>>> print(open('protein_24.pdb').read())   # PDB, C-alpha atoms, pLDDT in the B column
ATOM      1  CA  MET A   1      44.992 -14.381  11.631  1.00 60.00           C
ATOM      2  CA  ALA A   2      47.547 -16.915  10.461  1.00 69.00           C
ATOM      3  CA  TYR A   3      47.045 -20.576  11.176  1.00 76.00           C
ATOM      4  CA  SER A   4      48.578 -22.115  14.265  1.00 90.00           C
ATOM      5  CA  GLU A   5      47.597 -25.191  16.233  1.00 92.00           C
ATOM      6  CA  ASP A   6      47.049 -22.982  19.291  1.00 94.00           C
ATOM      7  CA  ALA A   7      44.682 -20.672  17.391  1.00 94.00           C
ATOM      8  CA  TRP A   8      42.830 -23.711  15.988  1.00 95.00           C
ATOM      9  CA  ASN A   9      42.520 -25.359  19.406  1.00 95.00           C
ATOM     10  CA  ASP A  10      41.284 -22.076  20.908  1.00 95.00           C
ATOM     11  CA  LEU A  11      38.627 -21.836  18.187  1.00 95.00           C
ATOM     12  CA  VAL A  12      37.492 -25.438  18.700  1.00 96.00           C
ATOM     13  CA  LEU A  13      37.166 -24.792  22.436  1.00 96.00           C
ATOM     14  CA  LYS A  14      35.244 -21.555  21.861  1.00 95.00           C
ATOM     15  CA  VAL A  15      32.831 -23.185  19.397  1.00 95.00           C
ATOM     16  CA  SER A  16      32.411 -26.200  21.687  1.00 96.00           C
ATOM     17  CA  LYS A  17      31.499 -23.984  24.626  1.00 96.00           C
ATOM     18  CA  HIS A  18      29.207 -21.751  22.561  1.00 94.00           C
ATOM     19  CA  PHE A  19      27.199 -24.643  21.107  1.00 93.00           C
ATOM     20  CA  LYS A  20      27.596 -26.950  24.131  1.00 96.00           C
ATOM     21  CA  VAL A  21      29.026 -29.759  21.987  1.00 95.00           C
ATOM     22  CA  THR A  22      32.386 -31.332  21.317  1.00 96.00           C
ATOM     23  CA  ALA A  23      33.125 -29.492  18.082  1.00 96.00           C
ATOM     24  CA  ASP A  24      35.223 -30.895  15.273  1.00 95.00           C
ATOM     25  CA  ILE A  25      36.020 -29.631  11.793  1.00 96.00           C
ATOM     26  CA  GLU A  26      32.870 -31.149  10.245  1.00 96.00           C
ATOM     27  CA  PHE A  27      30.618 -29.576  12.876  1.00 96.00           C
ATOM     28  CA  MET A  28      32.250 -26.202  12.342  1.00 97.00           C
ATOM     29  CA  LEU A  29      31.834 -26.495   8.567  1.00 97.00           C
ATOM     30  CA  PHE A  30      28.171 -27.357   9.117  1.00 96.00           C
ATOM     31  CA  ILE A  31      27.722 -24.236  11.281  1.00 95.00           C
ATOM     32  CA  ILE A  32      29.326 -22.075   8.601  1.00 96.00           C
ATOM     33  CA  GLY A  33      27.113 -23.691   5.941  1.00 96.00           C
ATOM     34  CA  VAL A  34      23.969 -22.959   7.959  1.00 95.00           C
ATOM     35  CA  GLN A  35      25.123 -19.362   8.438  1.00 93.00           C
ATOM     36  CA  GLU A  36      25.963 -18.898   4.763  1.00 94.00           C
ATOM     37  CA  ARG A  37      22.763 -20.531   3.527  1.00 93.00           C
ATOM     38  CA  GLY A  38      20.708 -18.414   5.931  1.00 90.00           C
ATOM     39  CA  THR A  39      18.266 -21.199   6.783  1.00 84.00           C
ATOM     40  CA  GLY A  40      18.884 -21.235  10.527  1.00 84.00           C
ATOM     41  CA  PHE A  41      18.919 -24.318  12.668  1.00 80.00           C
ATOM     42  CA  ALA A  42      16.374 -26.928  11.706  1.00 86.00           C
ATOM     43  CA  GLU A  43      16.113 -30.643  11.164  1.00 91.00           C
ATOM     44  CA  TYR A  44      18.244 -31.513   8.155  1.00 94.00           C
ATOM     45  CA  THR A  45      18.560 -34.776   6.299  1.00 95.00           C
ATOM     46  CA  ARG A  46      21.975 -36.359   5.979  1.00 95.00           C
ATOM     47  CA  ASP A  47      22.235 -35.119   2.373  1.00 95.00           C
ATOM     48  CA  GLU A  48      21.213 -31.597   3.360  1.00 95.00           C
ATOM     49  CA  LYS A  49      23.898 -31.585   6.053  1.00 95.00           C
ATOM     50  CA  TRP A  50      26.544 -32.591   3.493  1.00 96.00           C
ATOM     51  CA  ASP A  51      25.286 -29.893   1.122  1.00 96.00           C
ATOM     52  CA  LEU A  52      25.759 -27.324   3.920  1.00 97.00           C
ATOM     53  CA  VAL A  53      29.247 -28.639   4.708  1.00 97.00           C
ATOM     54  CA  ASN A  54      30.167 -28.412   1.010  1.00 97.00           C
ATOM     55  CA  LEU A  55      28.755 -24.883   0.835  1.00 97.00           C
ATOM     56  CA  ALA A  56      30.973 -23.918   3.766  1.00 98.00           C
ATOM     57  CA  LYS A  57      34.035 -25.411   2.082  1.00 97.00           C
ATOM     58  CA  CYS A  58      33.269 -23.525  -1.128  1.00 97.00           C
ATOM     59  CA  ARG A  59      32.757 -20.253   0.749  1.00 97.00           C
ATOM     60  CA  LEU A  60      36.034 -20.712   2.626  1.00 97.00           C
ATOM     61  CA  PHE A  61      37.968 -21.604  -0.526  1.00 97.00           C
ATOM     62  CA  THR A  62      36.414 -18.527  -2.158  1.00 97.00           C
ATOM     63  CA  ARG A  63      37.810 -16.414   0.673  1.00 95.00           C
ATOM     64  CA  LEU A  64      41.214 -18.007   0.023  1.00 95.00           C
ATOM     65  CA  GLY A  65      41.064 -17.190  -3.693  1.00 95.00           C
ATOM     66  CA  TYR A  66      40.693 -20.755  -4.993  1.00 96.00           C
ATOM     67  CA  LEU A  67      37.044 -20.466  -6.062  1.00 97.00           C
ATOM     68  CA  ARG A  68      34.753 -17.755  -7.387  1.00 97.00           C
ATOM     69  CA  GLU A  69      30.991 -17.543  -6.963  1.00 96.00           C
ATOM     70  CA  ASP A  70      29.336 -17.329 -10.371  1.00 96.00           C
ATOM     71  CA  GLY A  71      25.679 -16.983  -9.409  1.00 94.00           C
ATOM     72  CA  HIS A  72      22.962 -19.354  -8.253  1.00 95.00           C
ATOM     73  CA  ASP A  73      21.275 -22.475  -9.589  1.00 94.00           C
ATOM     74  CA  ASN A  74      17.526 -23.098  -9.918  1.00 94.00           C
ATOM     75  CA  ASP A  75      17.290 -24.040  -6.209  1.00 90.00           C
ATOM     76  CA  ASN A  76      19.055 -20.786  -5.261  1.00 91.00           C
ATOM     77  CA  TRP A  77      22.283 -22.530  -4.223  1.00 94.00           C
ATOM     78  CA  PRO A  78      25.478 -20.689  -5.123  1.00 95.00           C
ATOM     79  CA  VAL A  79      27.476 -21.981  -8.075  1.00 96.00           C
ATOM     80  CA  PHE A  80      31.280 -21.824  -7.877  1.00 97.00           C
ATOM     81  CA  SER A  81      34.091 -22.152 -10.379  1.00 96.00           C
ATOM     82  CA  GLU A  82      37.753 -22.836  -9.825  1.00 95.00           C
ATOM     83  CA  VAL A  83      40.134 -19.871 -10.006  1.00 95.00           C
ATOM     84  CA  LYS A  84      43.301 -21.619  -8.803  1.00 93.00           C
ATOM     85  CA  LYS A  85      44.009 -25.309  -9.318  1.00 90.00           C
ATOM     86  CA  MET A  86      42.868 -27.211  -6.233  1.00 88.00           C
ATOM     87  CA  ARG A  87      43.596 -30.741  -7.463  1.00 87.00           C
ATOM     88  CA  SER A  88      47.278 -30.215  -6.767  1.00 88.00           C
ATOM     89  CA  LEU A  89      46.589 -29.483  -3.083  1.00 91.00           C
ATOM     90  CA  SER A  90      47.124 -32.471  -0.845  1.00 94.00           C
ATOM     91  CA  PRO A  91      44.258 -33.372   1.503  1.00 93.00           C
ATOM     92  CA  SER A  92      46.346 -32.301   4.502  1.00 94.00           C
ATOM     93  CA  LEU A  93      47.086 -28.908   2.916  1.00 94.00           C
ATOM     94  CA  GLN A  94      43.402 -28.467   2.046  1.00 94.00           C
ATOM     95  CA  GLN A  95      42.498 -29.183   5.661  1.00 94.00           C
ATOM     96  CA  ARG A  96      45.092 -26.706   6.963  1.00 95.00           C
ATOM     97  CA  LEU A  97      43.819 -24.045   4.569  1.00 95.00           C
ATOM     98  CA  LEU A  98      40.230 -24.694   5.680  1.00 96.00           C
ATOM     99  CA  LYS A  99      41.260 -24.420   9.328  1.00 96.00           C
ATOM    100  CA  GLU A 100      43.060 -21.138   8.634  1.00 95.00           C
ATOM    101  CA  ALA A 101      40.022 -19.774   6.814  1.00 96.00           C
ATOM    102  CA  MET A 102      37.717 -20.936   9.635  1.00 96.00           C
ATOM    103  CA  ILE A 103      39.835 -19.126  12.216  1.00 96.00           C
ATOM    104  CA  ASP A 104      39.442 -15.920  10.182  1.00 95.00           C
ATOM    105  CA  TYR A 105      35.746 -16.569   9.505  1.00 96.00           C
ATOM    106  CA  PHE A 106      34.792 -17.062  13.145  1.00 94.00           C
ATOM    107  CA  ASP A 107      37.020 -14.163  14.186  1.00 92.00           C
ATOM    108  CA  GLU A 108      35.000 -11.896  11.860  1.00 91.00           C
ATOM    109  CA  VAL A 109      31.612 -13.344  12.852  1.00 87.00           C
ATOM    110  CA  TRP A 110      32.280 -13.147  16.588  1.00 82.00           C
ATOM    111  CA  SER A 111      34.011  -9.762  16.714  1.00 74.00           C
TER
END
>>> encode(input="protein_24.pdb", output="structure tokens")
Amino acid sequence: MAYSEDAWNDLVLKVSKHFKVTADIEFMLFIIGVQERGTGFAEYTRDEKWDLVNLAKCRLFTRLGYLREDGHDNDNWPVFSEVKKMRSLSPSLQQRLLKEAMIDYFDEVWS
């Protein structure tokens, strides 16, 4: 599904209702990170939460063709490499791309 503010707002509302929270982009990235890591919900330290958010971003940018997963490190975390230059993407474009990828991700997970 292509990005639109209406589709994004619908997703935020759906996630908010499902998890009984006021969801924002960081919360949704955290949820994706937990799903992708496969650890389930638990108590996480602040650093662990950021690691999960970063994992989600990497997974989403992989889906968009900007990154490639190259294997795993010694702690069994995925290792990614850049396929397309991301430094040239403005922060606002990166956020829009992440939102678009999240719409598709949750559409697949919840269908």
>>> closest_residue(input="protein_24.pdb", among="A:Leu93, A:Glu36, A:Asp47, A:Glu5", to="Pro78 (chain A)", atoms="all atoms listed in the file")
A:Glu36
>>> resolve_selection(input="protein_24.pdb", expression="the PyMOL selection byres ((chain A and resi 27-34) around 10)", output="MDAnalysis selection string")
chainID A and resid 11:12 15:16 19 21:26 35:42 48:60 98:99 102 105:106 109
>>> closest_residue(input="protein_24.pdb", among="A:Asp107, A:Leu64, A:His18, A:Asp73", to="Met86 (chain A)", atoms="all atoms listed in the file")
A:Leu64
>>> atom_distance(input="protein_24.pdb", atom1="CA of Thr62 (chain A)", atom2="CA of Glu100 (chain A)")
12.9 Å
>>> residues_around(input="protein_24.pdb", residues="Arg68 (chain A)", least_positions_apart="2", cutoff="9 Å", atoms="only C-alpha atoms", output="mmCIF file with C-alpha atoms, in the coordinates of the input")
data_model
loop_
_atom_site.group_PDB
_atom_site.id
_atom_site.type_symbol
_atom_site.label_atom_id
_atom_site.label_comp_id
_atom_site.auth_asym_id
_atom_site.auth_seq_id
_atom_site.Cartn_x
_atom_site.Cartn_y
_atom_site.Cartn_z
ATOM 1 C CA CYS A 58 33.269 -23.525 -1.128
ATOM 2 C CA ARG A 59 32.757 -20.253 0.749
ATOM 3 C CA PHE A 61 37.968 -21.604 -0.526
ATOM 4 C CA THR A 62 36.414 -18.527 -2.158
ATOM 5 C CA ARG A 63 37.810 -16.414 0.673
ATOM 6 C CA GLY A 65 41.064 -17.190 -3.693
ATOM 7 C CA TYR A 66 40.693 -20.755 -4.993
ATOM 8 C CA ASP A 70 29.336 -17.329 -10.371
ATOM 9 C CA VAL A 79 27.476 -21.981 -8.075
ATOM 10 C CA PHE A 80 31.280 -21.824 -7.877
ATOM 11 C CA SER A 81 34.091 -22.152 -10.379
ATOM 12 C CA GLU A 82 37.753 -22.836 -9.825
ATOM 13 C CA VAL A 83 40.134 -19.871 -10.006
#
>>> atom_distance(input="protein_24.pdb", atom1="CA of Asn9 (chain A)", atom2="CA of Arg96 (chain A)")
12.8 Å
>>> atom_distance(input="protein_24.pdb", atom1="CA of Asp6 (chain A)", atom2="CA of Ser90 (chain A)")
22.3 Å
>>> closest_residue(input="protein_24.pdb", among="A:Glu108, A:Ile103, A:Gln94, A:Thr45", to="Ser4 (chain A)", atoms="all atoms listed in the file")
A:Ile103
>>> closest_residue(input="protein_24.pdb", among="A:Trp8, A:Trp77, A:Tyr3, A:Trp110", to="Leu97 (chain A)", atoms="only C-alpha atoms")
A:Tyr3
>>> axis_aligned_box(input="protein_24.pdb", around="region 47-62 of chain A", padding_each_side="6 Å", output="AutoDock Vina command-line options")
--center_x 29.6 --center_y -26.8 --center_z 1.9 --size_x 28.8 --size_y 28.6 --size_z 20.2
